[in-house]
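What follows is a short report on a single structure.
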Amino acid sequence: MRSFIHFGASKRSVSASSGTGNWPELLRRATIANNAKLLAAAALLGMVPAVYALVLGISVPFLLASLVLAGGLISLALHQRGQHEIAAAAQVATLMATGMVLTLADPRLGDAGMAMAVMGPVLAGLIARSPLRRLSWLGLVPVTALGIAAASLGLPAVPLTGAVLTYCSVAGFAVAFAVVAFSAHRINMAFEVNDKAQVSAYRHLIEHVQDTVLRLSTDGNILVASRSSETLFGCPRYQVAGSRLAERLHIMDRPAFLTALADAAQDGRNRLIELRLRQDDPHARSNIPCFLWVEMQLSPIIDDSTGDNHRDVIALLRDITARKDAEAAMAEARRVAEDASQAKSRFLATIGHELRTPLNAVVGFSEMMSSGIGGDLSPTHKEYAGLIQQSGKHLLEVVSMLLDMSRIEAGKFDIQADSMDAGAIIPACFAMVETLAQERNVRLVSEIEAGLPLISADERVCRQIVINLLSNAVKFSHEGGLVTVAVKRQGQSINFSVKDRGIGMAPADMARIGEPFFQAQDGLSRKYEGTGLGLSIVKGLVELHGGTLRAMSEIGAGTTITVLLPINGPATKPGETADILQLHREPVAAAPTSWPNEKRKAQ
């Protein structure tokens with residue numbers, strides 16, 4: 001009896017739960033439970049006259065009441081155990097079985113039993129799933145056959161008086177109709193509750209979303225505006241509704257808006273555009289309009305049932321004025337930085353030319369003084385002249401690097417590409433740094449692969465690249481160290497590698513290789529001299545050749561700088577460079593054992 005007490009509460013629970021979760025399944029289960037209670041309650045109410053009829057010797061009413069009561073209790077028990085589909089099948093079977101009994105009791109073909117049996121498939125269509133729906137219609141076949149047999153014989157299988165037969169028919173059909181009508185009402189009510197809940201949720205979402213939501217007609221009229229539109233437009237939304245959105249847009253942005261609106265309303269395409277929107281300011285003292293940058297996303301409202309190609313459009317507007325201001329500020333900062341860089345390049349070029357002329361005179365006359373052309377000098381004066389000559393040459397090198405750097409940054413460094421032997425430049429480069437290597441007792445070793453193809457490159461620039469790399473390697477090597485230069489072919493490029501066993505570089509310094517004026521050891525107490533332009537010039541010259549600069553280093557283990565220059569020069573054409581045909585594959589054991597270590601050191 002406890003289940004019958006909670007009969008009224010289930011309606012409220014389904015109404016509340018239908019808006020959340022898997023509400024159709026929750027609704028189906030609650031309807032099955034309520035139908036079981038309704039069948040049991042109807043059977044209990046009809047049990048009193050059925051018992052009275054049984055005392056008088058008429059057993060059919062008691063049989064019908066017992067059948068309905070058993071079906072309701074069985075269905076309720078199955079529902080409580082979670083077997084909802086079997087519980088629904090028990091209710092459908094109860095209606096059809098009751099209809100079969102009434103069909104046997106009534107000799108007419110179109111009796112209430114047949115009508116009650118038809119209620120079974122109808123109920124299955126409301127609360128059951130597809131398999132049970134198909135089986136319920138098949139169940140009408142034996143009921144129809146029994147009805148035809150009873151009608152053809154002209155006699156009821158169970159003799160009843162007219163009053164009892166009428167009572168049983170009306171009571172049975174009323175119970176079946178009540179169960180079906182109650183199920184249909186519950187489902188319809190749940191759909192209405194769900195629709196209202198969804199509309200309320202959507203309305204709440206639109207009213208509280210930060211972006212402005214508009215509903216536009218096909219000609220751009222504002223039909224609905226969300227609450228946030230008041231902040232965007234600067235006026236109450238009732239003043240915006242009914243007006244044309246294009247009238248609030250900047251005149252230069254109206255064509256783009258109308259095109260996007262036509263694409264969305266007629267073609268059904270989503271569009272995303274950026275526009276300038278006029279914002280009202282009632283406190284403004286001037287008539288100059290204030291425009292905001294907005295990002296507008298247009299989405300058509302597609303309804304396939306109407307078949308109309310003209311659709312209303314949902315517009316989602318977001319204020320992006322801050323982003324546009326940041327982009328403008330960034331562009332202005334970039335322009336100022338580029339102007340400053342160009343001014344720096346012009347300054348370096350100008351001051352370099354102005355310094356080179358007097359420095360040439362200083363170096364030349366100091367060299368003449370050291371050679372005794374102007375007369376014999378004392379040992380002290382000869383030493384002074386040598387220092388002047390050394391310092392002048394150092395300044396000339398610095399000025400030359402400044403000029404090269406300024407020309408590279410200005411894009412005025414011309415490459416004169418011609419066929420050259422990549423390995424032939426190494427001895428000349430060794431001769432340029434031999435003096436520095438002897439001072440530090442550093443040994444220079446070359447490893448040049450035999451049969452290298454000619455490379456299309458600027459020989460003077462390639463020498464400068466190798467000399468700069470050798471100078472750095474010798475400068476940062478330990479006393480009595482070793483610097484190795486390797487030249488080999490790597491695919492469609494020539495590999496120049498300069499390796500030392502010097503102090504190495506930290507990972508943070510490796511990330512800044514190629515920055516002008518950067519040195520791993522800076523400050524007034526640094527141990528190694530230099531301007532920090534060597535690797536930056538090398539990087540620029542390599543990029544002018546269409547090549548690649550790579551570096552591997554580890555603190556205390558040395559540094560390896562690798563330059564890859566395309567064989568065909570800056571404008572490499574894949575069809576002009578022959579592919580390497582590998583005739584045999586070396587075994588894995590024959591691979592160099594040093595590569596994993598170098599890969600581990602790569603930063």
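Order determines the names: the first chain of the structure tokens is A, the second B, and so forth; residues in each chain are numbered 1 upward, and ligands are numbered 1 upward as they are shown.
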
(request) Do a neighbour search on region 76-80 of chain A at 10 Å with only C-alpha atoms, toss out local chain neighbours closer than 2 positions, and write the hits as a PyMOL selection string. (result) chain A and resi 3+29-30+32-37+39-40+70-74+82-88+90-91

Those same residues, written as a PDB file, in the first residue's frame with C-alpha atoms?
```
ATOM      1  CA  SER A   3       3.290   2.559  -3.386  1.00  0.00           C
ATOM      2  CA  ARG A  29       9.780   4.801 -16.328  1.00  0.00           C
ATOM      3  CA  ALA A  30       7.539   7.045 -14.195  1.00  0.00           C
ATOM      4  CA  ILE A  32       5.065   2.729 -16.383  1.00  0.00           C
ATOM      5  CA  ALA A  33       4.964   2.899 -12.571  1.00  0.00           C
ATOM      6  CA  ASN A  34       1.866   5.088 -12.551  1.00  0.00           C
ATOM      7  CA  ASN A  35       0.065   2.838 -15.036  1.00  0.00           C
ATOM      8  CA  ALA A  36       0.786  -0.181 -12.828  1.00  0.00           C
ATOM      9  CA  LYS A  37      -0.681   1.640  -9.821  1.00  0.00           C
ATOM     10  CA  LEU A  39      -4.398  -0.857 -13.007  1.00  0.00           C
ATOM     11  CA  ALA A  40      -4.100  -2.197  -9.468  1.00  0.00           C
ATOM     12  CA  ALA A  70      -2.347  -9.402 -11.089  1.00  0.00           C
ATOM     13  CA  GLY A  71      -1.091  -7.526 -14.153  1.00  0.00           C
ATOM     14  CA  GLY A  72      -0.816  -4.251 -12.208  1.00  0.00           C
ATOM     15  CA  LEU A  73       0.982  -5.798  -9.223  1.00  0.00           C
ATOM     16  CA  ILE A  74       3.383  -7.780 -11.417  1.00  0.00           C
ATOM     17  CA  GLY A  82      14.521  -2.031 -12.537  1.00  0.00           C
ATOM     18  CA  GLN A  83      13.044  -4.291 -15.264  1.00  0.00           C
ATOM     19  CA  HIS A  84      11.125  -1.473 -16.903  1.00  0.00           C
ATOM     20  CA  GLU A  85      10.715  -3.009 -20.366  1.00  0.00           C
ATOM     21  CA  ILE A  86       9.269  -6.236 -18.925  1.00  0.00           C
ATOM     22  CA  ALA A  87       6.957  -4.171 -16.686  1.00  0.00           C
ATOM     23  CA  ALA A  88       5.645  -2.340 -19.770  1.00  0.00           C
ATOM     24  CA  ALA A  90       3.129  -6.933 -18.519  1.00  0.00           C
ATOM     25  CA  GLN A  91       0.765  -3.942 -18.796  1.00  0.00           C
TER      26      GLN A  91
END
```

(request) Could you give me, as a PyMOL selection string, the residues within 8 Å of region 461-476 of chain A, counting only C-alpha atoms and dropping anything in the same chain fewer than 5 positions from it? (result) chain A and resi 415+425-426+429-430+432-433+436-437+440+442+483+496+498-500+502-504+528+534-535+538+541-542+559+561

(request) as a PyMOL selection string, please: all residues of region 157-334 of chain A that backbone DSSP puts in alpha helix (DSSP H). (result) chain A and resi 162-208+229-233+237-240+254-267+321-334

(request) Kindly indicate which residue among A:Ser366, A:Ser371, A:Gln210, A:Ser345 lies nearest to Gln390 (chain A), using only C-alpha atoms for the distances. (result)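 Nearest candidate to Gln390 (chain A) out of A:Ser366, A:Ser371, A:Gln210, A:Ser345: A:Ser366.
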
(request) Identify which of the residues A:Ile448, A:Leu317, A:Ala264, A:Leu69 lies closest to Leu245 (chain A), counting only C-alpha atoms when measuring atom-to-atom distances. (result)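 Using only C-alpha atoms, Leu245 (chain A) sits closest to A:Leu317.
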
Neighbouring residues of Met252 (chain A) were defined as those with any atom within 12 Å, considering only C-alpha atoms; residues of the same chain fewer than 5 positions away were excluded. Please report them as a JSON list (two decimals) with N, CA, C and O atoms, in the first residue's frame.
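Written file, around19.json:
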```
[["chain", "number", "residue", "atom", "x", "y", "z"],
["A", 246, "ALA", "N", 22.30, 48.39, -39.89],
["A", 246, "ALA", "CA", 23.25, 49.03, -40.80],
["A", 246, "ALA", "C", 23.37, 50.52, -40.55],
["A", 246, "ALA", "O", 24.41, 51.13, -40.83],
["A", 247, "GLU", "N", 22.33, 51.14, -40.02],
["A", 247, "GLU", "CA", 22.38, 52.59, -39.75],
["A", 247, "GLU", "C", 23.35, 52.92, -38.63],
["A", 247, "GLU", "O", 23.81, 54.06, -38.53],
["A", 257, "PHE", "N", 28.89, 44.28, -44.15],
["A", 257, "PHE", "CA", 27.81, 43.75, -43.32],
["A", 257, "PHE", "C", 26.65, 43.25, -44.18],
["A", 257, "PHE", "O", 26.11, 42.16, -43.94],
["A", 258, "LEU", "N", 26.25, 44.04, -45.18],
["A", 258, "LEU", "CA", 25.13, 43.62, -46.02],
["A", 258, "LEU", "C", 25.47, 42.35, -46.81],
["A", 258, "LEU", "O", 24.61, 41.48, -47.00],
["A", 274, "GLU", "N", 34.45, 41.82, -38.84],
["A", 274, "GLU", "CA", 34.80, 42.86, -37.88],
["A", 274, "GLU", "C", 34.31, 44.20, -38.41],
["A", 274, "GLU", "O", 34.61, 44.55, -39.57],
["A", 275, "LEU", "N", 33.57, 44.92, -37.59],
["A", 275, "LEU", "CA", 32.93, 46.16, -38.01],
["A", 275, "LEU", "C", 33.13, 47.23, -36.96],
["A", 275, "LEU", "O", 33.50, 46.95, -35.81],
["A", 276, "ARG", "N", 32.83, 48.48, -37.38],
["A", 276, "ARG", "CA", 32.82, 49.61, -36.44],
["A", 276, "ARG", "C", 31.36, 50.00, -36.18],
["A", 276, "ARG", "O", 30.61, 50.28, -37.13],
["A", 277, "LEU", "N", 30.98, 50.02, -34.91],
["A", 277, "LEU", "CA", 29.60, 50.25, -34.49],
["A", 277, "LEU", "C", 29.52, 51.56, -33.70],
["A", 277, "LEU", "O", 30.35, 51.80, -32.81]]
```

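Comparing the minimum interatomic distances between Phe233 (chain A) and each of A:Gly46, A:Pro289, A:Gly386, A:Pro358, counting only C-alpha atoms, we find that A:Pro289 sits nearest.
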